[in-house]
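Trainee: I am sharing entry37.pdb, which consists of PDB, C-alpha atoms, pLDDT in the B column:
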ATOM      1  CA  MET A  27     -70.296 154.595  48.682  1.00 80.00           C
ATOM      2  CA  ILE A  28     -68.795 153.924  45.231  1.00 87.00           C
ATOM      3  CA  LEU A  29     -72.069 154.801  43.483  1.00 90.00           C
ATOM      4  CA  GLN A  30     -72.350 158.017  45.497  1.00 91.00           C
ATOM      5  CA  TRP A  31     -68.835 159.153  44.629  1.00 91.00           C
ATOM      6  CA  THR A  32     -69.399 158.233  40.973  1.00 94.00           C
ATOM      7  CA  LEU A  33     -72.428 160.534  40.973  1.00 94.00           C
ATOM      8  CA  VAL A  34     -70.393 163.254  42.735  1.00 93.00           C
ATOM      9  CA  MET A  35     -67.732 162.913  40.027  1.00 93.00           C
ATOM     10  CA  LEU A  36     -70.324 163.164  37.271  1.00 95.00           C
ATOM     11  CA  ILE A  37     -71.761 166.294  38.944  1.00 95.00           C
ATOM     12  CA  VAL A  38     -68.317 167.852  39.331  1.00 93.00           C
ATOM     13  CA  VAL A  39     -67.353 167.141  35.711  1.00 94.00           C
ATOM     14  CA  SER A  40     -70.621 168.414  34.235  1.00 94.00           C
ATOM     15  CA  THR A  41     -70.641 171.510  36.467  1.00 91.00           C
ATOM     16  CA  THR A  42     -67.060 172.242  35.463  1.00 91.00           C
ATOM     17  CA  ILE A  43     -67.741 171.844  31.748  1.00 92.00           C
ATOM     18  CA  GLY A  44     -70.865 173.994  32.080  1.00 89.00           C
ATOM     19  CA  ASP A  45     -69.137 176.793  33.977  1.00 86.00           C
ATOM     20  CA  LEU A  46     -66.060 176.711  31.754  1.00 87.00           C
ATOM     21  CA  LEU A  47     -68.046 176.950  28.518  1.00 88.00           C
ATOM     22  CA  GLN A  48     -70.203 179.648  30.078  1.00 84.00           C
ATOM     23  CA  SER A  49     -67.160 181.652  31.118  1.00 81.00           C
ATOM     24  CA  ILE A  50     -65.591 181.361  27.648  1.00 83.00           C
ATOM     25  CA  GLU A  51     -68.757 182.394  25.840  1.00 81.00           C
ATOM     26  CA  MET A  52     -69.700 185.191  28.234  1.00 77.00           C
ATOM     27  CA  LYS A  53     -66.256 186.722  27.832  1.00 77.00           C
ATOM     28  CA  ARG A  54     -66.546 186.528  24.057  1.00 76.00           C
ATOM     29  CA  HIS A  55     -69.950 188.153  24.372  1.00 73.00           C
ATOM     30  CA  GLY A  56     -68.587 190.957  26.507  1.00 71.00           C
ATOM     31  CA  GLU A  57     -69.813 192.557  29.716  1.00 70.00           C
ATOM     32  CA  VAL A  58     -73.530 192.910  30.161  1.00 70.00           C
ATOM     33  CA  THR A  59     -73.955 196.494  31.346  1.00 72.00           C
ATOM     34  CA  ASP A  60     -77.419 197.439  30.141  1.00 71.00           C
ATOM     35  CA  PHE A  61     -80.098 196.025  32.418  1.00 70.00           C
ATOM     36  CA  ARG A  62     -83.064 197.871  30.966  1.00 76.00           C
ATOM     37  CA  PRO A  63     -85.613 195.520  29.330  1.00 79.00           C
ATOM     38  CA  SER A  64     -84.331 196.405  25.859  1.00 80.00           C
ATOM     39  CA  GLY A  65     -80.756 195.750  26.960  1.00 78.00           C
ATOM     40  CA  ILE A  66     -81.672 192.399  28.477  1.00 78.00           C
ATOM     41  CA  LYS A  67     -83.483 191.450  25.278  1.00 80.00           C
ATOM     42  CA  ALA A  68     -80.433 192.367  23.204  1.00 77.00           C
ATOM     43  CA  ALA A  69     -78.220 190.349  25.543  1.00 76.00           C
ATOM     44  CA  LEU A  70     -80.509 187.298  25.296  1.00 77.00           C
ATOM     45  CA  ILE A  71     -80.444 187.485  21.493  1.00 79.00           C
ATOM     46  CA  GLY A  72     -76.662 187.705  21.700  1.00 75.00           C
ATOM     47  CA  PHE A  73     -76.560 184.654  23.983  1.00 74.00           C
ATOM     48  CA  ALA A  74     -78.662 182.633  21.523  1.00 76.00           C
ATOM     49  CA  LYS A  75     -75.971 183.159  18.888  1.00 77.00           C
ATOM     50  CA  ARG A  76     -73.318 181.598  21.070  1.00 79.00           C
ATOM     51  CA  PRO A  77     -73.212 177.861  20.239  1.00 81.00           C
ATOM     52  CA  LEU A  78     -71.151 176.791  23.239  1.00 84.00           C
ATOM     53  CA  LEU A  79     -73.656 178.424  25.565  1.00 85.00           C
ATOM     54  CA  LEU A  80     -76.223 175.764  24.640  1.00 87.00           C
ATOM     55  CA  TRP A  81     -73.747 173.047  25.629  1.00 90.00           C
ATOM     56  CA  ALA A  82     -73.069 174.954  28.835  1.00 89.00           C
ATOM     57  CA  ILE A  83     -76.762 174.927  29.691  1.00 89.00           C
ATOM     58  CA  LEU A  84     -77.058 171.218  28.826  1.00 93.00           C
ATOM     59  CA  SER A  85     -74.086 170.413  31.080  1.00 94.00           C
ATOM     60  CA  MET A  86     -75.617 172.360  33.927  1.00 91.00           C
ATOM     61  CA  ALA A  87     -78.941 170.585  33.425  1.00 92.00           C
ATOM     62  CA  LEU A  88     -77.144 167.222  33.525  1.00 95.00           C
ATOM     63  CA  SER A  89     -75.366 168.314  36.685  1.00 94.00           C
ATOM     64  CA  PHE A  90     -78.660 169.322  38.297  1.00 92.00           C
ATOM     65  CA  PHE A  91     -80.486 166.062  37.514  1.00 91.00           C
ATOM     66  CA  THR A  92     -77.509 164.028  38.684  1.00 94.00           C
ATOM     67  CA  PHE A  93     -77.586 166.050  41.909  1.00 93.00           C
ATOM     68  CA  MET A  94     -81.243 165.071  42.374  1.00 91.00           C
ATOM     69  CA  VAL A  95     -80.375 161.399  41.829  1.00 90.00           C
ATOM     70  CA  LEU A  96     -77.517 161.721  44.318  1.00 92.00           C
ATOM     71  CA  LEU A  97     -79.892 163.223  46.893  1.00 90.00           C
ATOM     72  CA  SER A  98     -82.123 160.173  46.538  1.00 89.00           C
ATOM     73  CA  ILE A  99     -79.377 157.902  47.850  1.00 89.00           C
ATOM     74  CA  ALA A 100     -77.086 160.187  49.864  1.00 90.00           C
ATOM     75  CA  ASP A 101     -77.316 162.503  52.869  1.00 90.00           C
ATOM     76  CA  LEU A 102     -77.890 166.196  52.221  1.00 90.00           C
ATOM     77  CA  SER A 103     -74.998 166.938  54.572  1.00 87.00           C
ATOM     78  CA  PHE A 104     -72.802 164.804  52.299  1.00 90.00           C
ATOM     79  CA  ALA A 105     -74.078 165.812  48.849  1.00 91.00           C
ATOM     80  CA  VAL A 106     -73.829 169.578  49.268  1.00 88.00           C
ATOM     81  CA  PRO A 107     -70.204 169.772  50.472  1.00 88.00           C
ATOM     82  CA  ALA A 108     -69.006 166.912  48.238  1.00 89.00           C
ATOM     83  CA  THR A 109     -70.043 168.778  45.103  1.00 88.00           C
ATOM     84  CA  ALA A 110     -67.804 171.654  46.226  1.00 86.00           C
ATOM     85  CA  GLY A 111     -65.069 169.564  44.600  1.00 86.00           C
ATOM     86  CA  SER A 112     -66.023 171.395  41.406  1.00 86.00           C
ATOM     87  CA  TYR A 113     -64.343 174.535  42.803  1.00 83.00           C
ATOM     88  CA  VAL A 114     -61.037 172.713  42.782  1.00 86.00           C
ATOM     89  CA  VAL A 115     -61.308 171.290  39.262  1.00 88.00           C
ATOM     90  CA  GLU A 116     -62.612 174.605  37.959  1.00 85.00           C
ATOM     91  CA  THR A 117     -59.752 176.598  39.457  1.00 84.00           C
ATOM     92  CA  ILE A 118     -57.178 174.268  37.914  1.00 86.00           C
ATOM     93  CA  LEU A 119     -58.867 174.439  34.512  1.00 86.00           C
ATOM     94  CA  ALA A 120     -59.269 178.227  34.773  1.00 83.00           C
ATOM     95  CA  ARG A 121     -55.492 178.348  35.135  1.00 85.00           C
ATOM     96  CA  LEU A 122     -54.798 175.904  32.300  1.00 87.00           C
ATOM     97  CA  LEU A 123     -57.482 176.729  29.744  1.00 84.00           C
ATOM     98  CA  LEU A 124     -58.614 180.276  30.508  1.00 80.00           C
ATOM     99  CA  LYS A 125     -55.057 181.337  31.442  1.00 83.00           C
ATOM    100  CA  GLU A 126     -56.362 183.085  34.521  1.00 82.00           C
ATOM    101  CA  HIS A 127     -53.796 184.177  37.059  1.00 82.00           C
ATOM    102  CA  ILE A 128     -54.384 182.288  40.310  1.00 81.00           C
ATOM    103  CA  THR A 129     -52.819 184.034  43.280  1.00 84.00           C
ATOM    104  CA  SER A 130     -51.315 182.076  46.164  1.00 86.00           C
ATOM    105  CA  TYR A 131     -54.292 183.018  48.359  1.00 84.00           C
ATOM    106  CA  ARG A 132     -56.599 181.424  45.840  1.00 83.00           C
ATOM    107  CA  TRP A 133     -54.493 178.258  45.700  1.00 87.00           C
ATOM    108  CA  ALA A 134     -54.589 178.155  49.489  1.00 88.00           C
ATOM    109  CA  GLY A 135     -58.383 178.458  49.373  1.00 87.00           C
ATOM    110  CA  VAL A 136     -58.523 175.626  46.856  1.00 87.00           C
ATOM    111  CA  MET A 137     -56.360 173.461  49.107  1.00 89.00           C
ATOM    112  CA  LEU A 138     -58.717 174.081  52.034  1.00 90.00           C
ATOM    113  CA  VAL A 139     -61.731 173.084  49.935  1.00 88.00           C
ATOM    114  CA  THR A 140     -59.879 169.946  48.764  1.00 89.00           C
ATOM    115  CA  ALA A 141     -59.040 169.056  52.359  1.00 90.00           C
ATOM    116  CA  GLY A 142     -62.686 169.571  53.303  1.00 89.00           C
ATOM    117  CA  VAL A 143     -63.941 167.266  50.545  1.00 88.00           C
ATOM    118  CA  ALA A 144     -61.264 164.704  51.453  1.00 86.00           C
ATOM    119  CA  LEU A 145     -62.537 164.698  55.046  1.00 87.00           C
ATOM    120  CA  LEU A 146     -65.995 163.777  53.751  1.00 82.00           C
ATOM    121  CA  ALA A 147     -64.512 160.827  51.920  1.00 76.00           C
ATOM    122  CA  ALA A 148     -62.536 159.500  54.861  1.00 68.00           C
TER     123      ALA A 148
ATOM    124  CA  MET B  21     -67.911 197.174  54.335  1.00 49.00           C
ATOM    125  CA  THR B  22     -69.990 200.302  54.709  1.00 55.00           C
ATOM    126  CA  ARG B  23     -73.611 200.265  55.765  1.00 65.00           C
ATOM    127  CA  MET B  24     -75.508 198.081  53.410  1.00 73.00           C
ATOM    128  CA  PRO B  25     -78.827 199.210  51.980  1.00 80.00           C
ATOM    129  CA  PHE B  26     -81.866 197.469  53.417  1.00 83.00           C
ATOM    130  CA  LYS B  27     -82.792 195.901  50.069  1.00 84.00           C
ATOM    131  CA  THR B  28     -79.356 194.302  49.783  1.00 85.00           C
ATOM    132  CA  ARG B  29     -79.706 192.718  53.219  1.00 86.00           C
ATOM    133  CA  ILE B  30     -83.122 191.343  52.348  1.00 90.00           C
ATOM    134  CA  LEU B  31     -81.880 189.972  49.033  1.00 90.00           C
ATOM    135  CA  THR B  32     -78.893 188.347  50.741  1.00 90.00           C
ATOM    136  CA  LEU B  33     -81.296 186.613  53.107  1.00 92.00           C
ATOM    137  CA  VAL B  34     -83.417 185.466  50.144  1.00 93.00           C
ATOM    138  CA  VAL B  35     -80.324 184.043  48.399  1.00 93.00           C
ATOM    139  CA  ILE B  36     -79.234 182.056  51.447  1.00 92.00           C
ATOM    140  CA  LEU B  37     -82.698 180.809  52.399  1.00 94.00           C
ATOM    141  CA  THR B  38     -83.769 179.740  48.892  1.00 95.00           C
ATOM    142  CA  ASN B  39     -80.510 177.826  48.466  1.00 93.00           C
ATOM    143  CA  VAL B  40     -80.761 175.945  51.752  1.00 94.00           C
ATOM    144  CA  LEU B  41     -84.516 175.350  51.653  1.00 95.00           C
ATOM    145  CA  GLY B  42     -84.379 174.396  47.960  1.00 95.00           C
ATOM    146  CA  ASN B  43     -81.709 171.765  48.553  1.00 93.00           C
ATOM    147  CA  PHE B  44     -83.598 170.572  51.615  1.00 94.00           C
ATOM    148  CA  ALA B  45     -86.847 170.168  49.657  1.00 94.00           C
ATOM    149  CA  LEU B  46     -84.994 168.275  46.904  1.00 92.00           C
ATOM    150  CA  SER B  47     -83.386 165.992  49.423  1.00 91.00           C
ATOM    151  CA  PHE B  48     -86.662 165.410  51.263  1.00 90.00           C
ATOM    152  CA  GLY B  49     -88.603 164.786  48.055  1.00 89.00           C
ATOM    153  CA  MET B  50     -86.021 162.494  46.482  1.00 87.00           C
ATOM    154  CA  LYS B  51     -85.835 160.327  49.591  1.00 84.00           C
ATOM    155  CA  ALA B  52     -89.536 159.913  50.097  1.00 72.00           C
ATOM    156  CA  ARG B  53     -91.713 157.838  47.785  1.00 59.00           C
ATOM    157  CA  ALA B  54     -91.152 154.439  46.299  1.00 57.00           C
ATOM    158  CA  LEU B  55     -87.695 155.381  45.031  1.00 65.00           C
ATOM    159  CA  ALA B  56     -85.929 153.520  47.786  1.00 65.00           C
ATOM    160  CA  THR B  57     -87.770 150.270  47.130  1.00 69.00           C
ATOM    161  CA  SER B  58     -87.822 150.309  43.313  1.00 70.00           C
ATOM    162  CA  PRO B  59     -85.256 152.664  41.770  1.00 71.00           C
ATOM    163  CA  THR B  60     -86.495 152.437  38.192  1.00 78.00           C
ATOM    164  CA  PHE B  61     -86.411 155.132  35.516  1.00 81.00           C
ATOM    165  CA  VAL B  62     -90.170 155.674  35.862  1.00 82.00           C
ATOM    166  CA  SER B  63     -89.999 156.074  39.631  1.00 81.00           C
ATOM    167  CA  TYR B  64     -87.215 158.641  39.198  1.00 82.00           C
ATOM    168  CA  VAL B  65     -89.238 160.633  36.680  1.00 84.00           C
ATOM    169  CA  SER B  66     -92.284 160.590  38.930  1.00 83.00           C
ATOM    170  CA  ALA B  67     -90.110 161.692  41.845  1.00 84.00           C
ATOM    171  CA  PHE B  68     -88.796 164.614  39.737  1.00 86.00           C
ATOM    172  CA  PHE B  69     -92.368 165.806  39.333  1.00 88.00           C
ATOM    173  CA  SER B  70     -93.522 165.264  42.896  1.00 89.00           C
ATOM    174  CA  PRO B  71     -94.795 168.430  44.632  1.00 92.00           C
ATOM    175  CA  VAL B  72     -91.938 168.676  47.133  1.00 92.00           C
ATOM    176  CA  VAL B  73     -89.275 168.298  44.442  1.00 92.00           C
ATOM    177  CA  LEU B  74     -91.028 170.864  42.242  1.00 94.00           C
ATOM    178  CA  LEU B  75     -91.089 173.215  45.229  1.00 96.00           C
ATOM    179  CA  GLY B  76     -87.343 172.631  45.637  1.00 94.00           C
ATOM    180  CA  VAL B  77     -86.703 173.305  41.958  1.00 94.00           C
ATOM    181  CA  SER B  78     -88.761 176.522  42.125  1.00 95.00           C
ATOM    182  CA  LEU B  79     -86.818 177.677  45.186  1.00 96.00           C
ATOM    183  CA  LEU B  80     -83.542 176.963  43.375  1.00 93.00           C
ATOM    184  CA  VAL B  81     -84.721 178.935  40.344  1.00 92.00           C
ATOM    185  CA  ILE B  82     -85.431 181.888  42.676  1.00 93.00           C
ATOM    186  CA  TRP B  83     -82.011 181.286  44.235  1.00 92.00           C
ATOM    187  CA  LEU B  84     -80.264 181.495  40.863  1.00 88.00           C
ATOM    188  CA  LEU B  85     -82.090 184.680  39.837  1.00 87.00           C
ATOM    189  CA  SER B  86     -81.753 186.408  43.218  1.00 89.00           C
ATOM    190  CA  ARG B  87     -78.076 185.492  43.298  1.00 85.00           C
ATOM    191  CA  MET B  88     -77.561 187.078  39.884  1.00 81.00           C
ATOM    192  CA  ALA B  89     -79.367 190.200  41.073  1.00 84.00           C
ATOM    193  CA  LEU B  90     -77.334 190.305  44.287  1.00 86.00           C
ATOM    194  CA  MET B  91     -74.119 190.076  42.296  1.00 80.00           C
ATOM    195  CA  SER B  92     -75.121 193.183  40.406  1.00 78.00           C
ATOM    196  CA  TRP B  93     -75.765 195.046  43.686  1.00 80.00           C
ATOM    197  CA  ALA B  94     -72.910 193.783  45.808  1.00 79.00           C
ATOM    198  CA  ASP B  95     -69.290 192.730  45.354  1.00 76.00           C
ATOM    199  CA  LEU B  96     -68.529 189.099  44.625  1.00 70.00           C
ATOM    200  CA  SER B  97     -66.202 189.223  47.626  1.00 70.00           C
ATOM    201  CA  PHE B  98     -69.304 189.791  49.730  1.00 77.00           C
ATOM    202  CA  VAL B  99     -71.589 187.349  47.891  1.00 80.00           C
ATOM    203  CA  LEU B 100     -69.146 184.426  47.954  1.00 75.00           C
ATOM    204  CA  PRO B 101     -68.434 184.172  51.693  1.00 77.00           C
ATOM    205  CA  ILE B 102     -71.932 185.048  52.829  1.00 80.00           C
ATOM    206  CA  THR B 103     -73.524 182.439  50.554  1.00 81.00           C
ATOM    207  CA  SER B 104     -71.024 179.799  51.643  1.00 83.00           C
ATOM    208  CA  LEU B 105     -72.996 179.900  54.905  1.00 86.00           C
ATOM    209  CA  GLY B 106     -75.313 177.644  52.894  1.00 87.00           C
ATOM    210  CA  TYR B 107     -72.885 174.736  53.391  1.00 87.00           C
ATOM    211  CA  VAL B 108     -73.125 174.994  57.162  1.00 88.00           C
ATOM    212  CA  LEU B 109     -76.889 175.544  57.119  1.00 90.00           C
ATOM    213  CA  SER B 110     -77.375 172.521  54.818  1.00 90.00           C
ATOM    214  CA  ALA B 111     -75.446 170.354  57.251  1.00 89.00           C
ATOM    215  CA  MET B 112     -77.628 171.684  60.084  1.00 90.00           C
ATOM    216  CA  MET B 113     -80.831 170.989  58.139  1.00 91.00           C
ATOM    217  CA  GLY B 114     -79.615 167.443  57.479  1.00 91.00           C
ATOM    218  CA  HIS B 115     -78.817 166.990  61.136  1.00 91.00           C
ATOM    219  CA  TRP B 116     -82.032 168.427  62.545  1.00 91.00           C
ATOM    220  CA  PHE B 117     -84.724 167.658  60.012  1.00 91.00           C
ATOM    221  CA  LEU B 118     -83.495 164.688  57.983  1.00 89.00           C
ATOM    222  CA  ALA B 119     -82.088 162.751  60.933  1.00 87.00           C
ATOM    223  CA  GLU B 120     -78.726 162.450  59.206  1.00 89.00           C
ATOM    224  CA  ARG B 121     -75.751 161.405  61.263  1.00 88.00           C
ATOM    225  CA  VAL B 122     -73.396 164.337  60.744  1.00 88.00           C
ATOM    226  CA  THR B 123     -70.097 163.107  62.123  1.00 90.00           C
ATOM    227  CA  SER B 124     -67.534 165.516  63.557  1.00 91.00           C
ATOM    228  CA  GLN B 125     -65.402 164.703  60.521  1.00 91.00           C
ATOM    229  CA  ARG B 126     -68.180 165.852  58.233  1.00 90.00           C
ATOM    230  CA  TRP B 127     -68.596 169.080  60.226  1.00 92.00           C
ATOM    231  CA  ALA B 128     -64.856 169.659  59.956  1.00 92.00           C
ATOM    232  CA  GLY B 129     -64.933 169.063  56.199  1.00 91.00           C
ATOM    233  CA  THR B 130     -67.834 171.476  55.788  1.00 92.00           C
ATOM    234  CA  LEU B 131     -66.078 174.165  57.835  1.00 91.00           C
ATOM    235  CA  LEU B 132     -62.851 173.720  55.826  1.00 92.00           C
ATOM    236  CA  ILE B 133     -64.806 174.312  52.618  1.00 90.00           C
ATOM    237  CA  VAL B 134     -66.302 177.492  54.093  1.00 90.00           C
ATOM    238  CA  ALA B 135     -62.806 178.595  55.180  1.00 91.00           C
ATOM    239  CA  GLY B 136     -61.544 177.968  51.635  1.00 88.00           C
ATOM    240  CA  THR B 137     -64.373 180.054  50.180  1.00 85.00           C
ATOM    241  CA  LEU B 138     -63.609 182.871  52.627  1.00 85.00           C
ATOM    242  CA  LEU B 139     -59.958 182.847  51.635  1.00 84.00           C
ATOM    243  CA  VAL B 140     -60.747 182.978  47.914  1.00 79.00           C
ATOM    244  CA  SER B 141     -63.149 185.874  48.479  1.00 76.00           C
ATOM    245  CA  PHE B 142     -60.364 187.980  49.975  1.00 75.00           C
ATOM    246  CA  THR B 143     -58.459 187.865  46.687  1.00 70.00           C
ATOM    247  CA  PRO B 144     -59.077 190.382  43.876  1.00 65.00           C
ATOM    248  CA  HIS B 145     -61.919 189.105  41.710  1.00 57.00           C
ATOM    249  CA  LYS B 146     -60.541 190.116  38.365  1.00 56.00           C
ATOM    250  CA  SER B 147     -56.979 189.244  37.566  1.00 51.00           C
ATOM    251  CA  GLN B 148     -56.373 191.222  34.380  1.00 48.00           C
ATOM    252  CA  SER B 149     -57.752 194.642  35.155  1.00 41.00           C
ATOM    253  CA  GLU B 150     -58.577 196.694  38.197  1.00 41.00           C
ATOM    254  CA  LYS B 151     -61.712 198.023  36.568  1.00 41.00           C
ATOM    255  CA  LYS B 152     -64.440 198.733  39.089  1.00 41.00           C
ATOM    256  CA  SER B 153     -67.983 198.696  37.826  1.00 39.00           C
TER     257      SER B 153
END
Output the structure of this file as structure tokens.
Mentor:
Amino acid sequence: MILQWTLVMLIVVSTTIGDLLQSIEMKRHGEVTDFRPSGIKAALIGFAKRPLLLWAILSMALSFFTFMVLLSIADLSFAVPATAGSYVVETILARLLLKEHITSYRWAGVMLVTAGVALLAA
Amino acid sequence: MTRMPFKTRILTLVVILTNVLGNFALSFGMKARALATSPTFVSYVSAFFSPVVLLGVSLLVIWLLSRMALMSWADLSFVLPITSLGYVLSAMMGHWFLAERVTSQRWAGTLLIVAGTLLVSFTPHKSQSEKKS
């Protein structure tokens, strides 16, 4: 059980770092509004110039491989909901680092997810 | 929610199914093989490249791309709750096809997570501006 939760924690942390860096860099890049092939090409070139985006992709890759390792030792019906813990960490960090405004409804949603993950642990 | 175009419904179905089936294939593939008896680095790498796991990875790639496309067609407040169905479906797949013992506590936890996702999806998706694209 300890090994499984360690893997879950590693997944949650790497997912969070990946999503956070991605969010920061995508906002610096600006909204992608042009979805014609030329627009997509321009956007991809723009993405390549964003250094943090590479780290975001590496974090997400780490998270994915760790998820595969977790699936080798844990139930699917445990692994999928347990990794939802990343929602909670991400919301807190979005408030602290990205200065996003989290409404009370959102906090309530986060509490429900936390309670759900806690039930898996019990 | 007004009547949704046919293509959006189909894409929504693709997003949900590729997510659930992709995770299922990963789980199935990572549990089979000699991994359980000898969990070495080499056996992990060979498991990563086994056909079932590769199928799972491909399905998850389709999931990621179709989800991005769906987000451009539909509101996030639609995408989020409908795709959180994946949590419940994953638990069902585990129960039916992987012979996992899904306790009532685990069902309750899964449903709470879905409820949390639903609640978040009812909130405005962009806090700074009311811009609608």
Trainee: Residues of chain B near chain A: apply a cut-off of 9 Å, count all atoms listed in the file, and supply the list as a PDB file with C-alpha atoms, in the frame of the given file.
Mentor:
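See out13.pdb below for the written result:
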ATOM      1  CA  ASN B  43     -81.709 171.765  48.553  1.00 93.00           C
ATOM      2  CA  PHE B  44     -83.598 170.572  51.615  1.00 94.00           C
ATOM      3  CA  LEU B  46     -84.994 168.275  46.904  1.00 92.00           C
ATOM      4  CA  SER B  47     -83.386 165.992  49.423  1.00 91.00           C
ATOM      5  CA  PHE B  48     -86.662 165.410  51.263  1.00 90.00           C
ATOM      6  CA  GLY B  49     -88.603 164.786  48.055  1.00 89.00           C
ATOM      7  CA  MET B  50     -86.021 162.494  46.482  1.00 87.00           C
ATOM      8  CA  LYS B  51     -85.835 160.327  49.591  1.00 84.00           C
ATOM      9  CA  ALA B  52     -89.536 159.913  50.097  1.00 72.00           C
ATOM     10  CA  LEU B  55     -87.695 155.381  45.031  1.00 65.00           C
ATOM     11  CA  ALA B  56     -85.929 153.520  47.786  1.00 65.00           C
ATOM     12  CA  TYR B  64     -87.215 158.641  39.198  1.00 82.00           C
ATOM     13  CA  PHE B  68     -88.796 164.614  39.737  1.00 86.00           C
ATOM     14  CA  VAL B  73     -89.275 168.298  44.442  1.00 92.00           C
ATOM     15  CA  GLY B 106     -75.313 177.644  52.894  1.00 87.00           C
ATOM     16  CA  TYR B 107     -72.885 174.736  53.391  1.00 87.00           C
ATOM     17  CA  VAL B 108     -73.125 174.994  57.162  1.00 88.00           C
ATOM     18  CA  SER B 110     -77.375 172.521  54.818  1.00 90.00           C
ATOM     19  CA  ALA B 111     -75.446 170.354  57.251  1.00 89.00           C
ATOM     20  CA  MET B 112     -77.628 171.684  60.084  1.00 90.00           C
ATOM     21  CA  MET B 113     -80.831 170.989  58.139  1.00 91.00           C
ATOM     22  CA  GLY B 114     -79.615 167.443  57.479  1.00 91.00           C
ATOM     23  CA  HIS B 115     -78.817 166.990  61.136  1.00 91.00           C
ATOM     24  CA  LEU B 118     -83.495 164.688  57.983  1.00 89.00           C
ATOM     25  CA  GLU B 120     -78.726 162.450  59.206  1.00 89.00           C
ATOM     26  CA  ARG B 121     -75.751 161.405  61.263  1.00 88.00           C
ATOM     27  CA  VAL B 122     -73.396 164.337  60.744  1.00 88.00           C
ATOM     28  CA  GLN B 125     -65.402 164.703  60.521  1.00 91.00           C
ATOM     29  CA  ARG B 126     -68.180 165.852  58.233  1.00 90.00           C
ATOM     30  CA  TRP B 127     -68.596 169.080  60.226  1.00 92.00           C
ATOM     31  CA  ALA B 128     -64.856 169.659  59.956  1.00 92.00           C
ATOM     32  CA  GLY B 129     -64.933 169.063  56.199  1.00 91.00           C
ATOM     33  CA  THR B 130     -67.834 171.476  55.788  1.00 92.00           C
ATOM     34  CA  LEU B 131     -66.078 174.165  57.835  1.00 91.00           C
ATOM     35  CA  LEU B 132     -62.851 173.720  55.826  1.00 92.00           C
ATOM     36  CA  ILE B 133     -64.806 174.312  52.618  1.00 90.00           C
ATOM     37  CA  VAL B 134     -66.302 177.492  54.093  1.00 90.00           C
ATOM     38  CA  ALA B 135     -62.806 178.595  55.180  1.00 91.00           C
ATOM     39  CA  GLY B 136     -61.544 177.968  51.635  1.00 88.00           C
ATOM     40  CA  THR B 137     -64.373 180.054  50.180  1.00 85.00           C
ATOM     41  CA  LEU B 138     -63.609 182.871  52.627  1.00 85.00           C
ATOM     42  CA  LEU B 139     -59.958 182.847  51.635  1.00 84.00           C
ATOM     43  CA  VAL B 140     -60.747 182.978  47.914  1.00 79.00           C
ATOM     44  CA  SER B 141     -63.149 185.874  48.479  1.00 76.00           C
ATOM     45  CA  PHE B 142     -60.364 187.980  49.975  1.00 75.00           C
ATOM     46  CA  THR B 143     -58.459 187.865  46.687  1.00 70.00           C
ATOM     47  CA  PRO B 144     -59.077 190.382  43.876  1.00 65.00           C
ATOM     48  CA  SER B 147     -56.979 189.244  37.566  1.00 51.00           C
ATOM     49  CA  GLN B 148     -56.373 191.222  34.380  1.00 48.00           C
TER      50      GLN B 148
END
Trainee: Separation of CA of Met52 (chain A) and CA of Ile82 (chain B), in Å?
Mentor: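 Atom-to-atom, CA of Met52 (chain A) to CA of Ile82 (chain B), that is 21.6 Å.
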Trainee: Run the PyMOL selection byres ((chain B and resi 27-40) around 7) mentally over the shown coordinates, then write out the matched residues as a PyMOL selection string, using the chain letters and numbers from the document.
Mentor: chain B and resi 24-26+41-44+79-80+82-83+86-87+90+103+106+109-110
Trainee: Using all atoms listed in the file, which residue out of A:Lys67, A:Gln30, A:Leu78, A:Ile43 lies closest to Glu116 (chain A)?
Mentor: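 Closest to Glu116 (chain A), using all atoms listed in the file: A:Ile43.
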Trainee: Val38 (chain A): which residues within 7 Å, counting all atoms listed in the file, same-chain residues fewer than 2 positions away excluded, as a VMD selection string?
Mentor: chain A and resid 34 to 36 40 to 42 109 111 to 112
Trainee: I'd like the contact shell of Val58 (chain A) - 12 Å cut-off, only C-alpha atoms, skipping same-chain residues fewer than 3 positions apart - returned as an mmCIF file with C-alpha atoms, in the coordinates of the input.
Mentor:
data_model
loop_
_atom_site.group_PDB
_atom_site.id
_atom_site.type_symbol
_atom_site.label_atom_id
_atom_site.label_comp_id
_atom_site.auth_asym_id
_atom_site.auth_seq_id
_atom_site.Cartn_x
_atom_site.Cartn_y
_atom_site.Cartn_z
ATOM 1 C CA MET A 52 -69.700 185.191 28.234
ATOM 2 C CA LYS A 53 -66.256 186.722 27.832
ATOM 3 C CA ARG A 54 -66.546 186.528 24.057
ATOM 4 C CA HIS A 55 -69.950 188.153 24.372
ATOM 5 C CA PHE A 61 -80.098 196.025 32.418
ATOM 6 C CA ARG A 62 -83.064 197.871 30.966
ATOM 7 C CA GLY A 65 -80.756 195.750 26.960
ATOM 8 C CA ILE A 66 -81.672 192.399 28.477
ATOM 9 C CA LYS A 67 -83.483 191.450 25.278
ATOM 10 C CA ALA A 68 -80.433 192.367 23.204
ATOM 11 C CA ALA A 69 -78.220 190.349 25.543
ATOM 12 C CA LEU A 70 -80.509 187.298 25.296
ATOM 13 C CA GLY A 72 -76.662 187.705 21.700
ATOM 14 C CA PHE A 73 -76.560 184.654 23.983
ATOM 15 C CA SER B 92 -75.121 193.183 40.406
ATOM 16 C CA SER B 153 -67.983 198.696 37.826
#
Trainee: How many Å lie between CA of Ala94 (chain B) and CA of Gln48 (chain A), rounded to one decimal?
Mentor: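 That distance, rounded to one decimal, is 21.3 Å.
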Trainee: To one decimal place, how far is CA of Asp45 (chain A) from CA of Leu100 (chain B) in Å?
Mentor: 15.9 Å
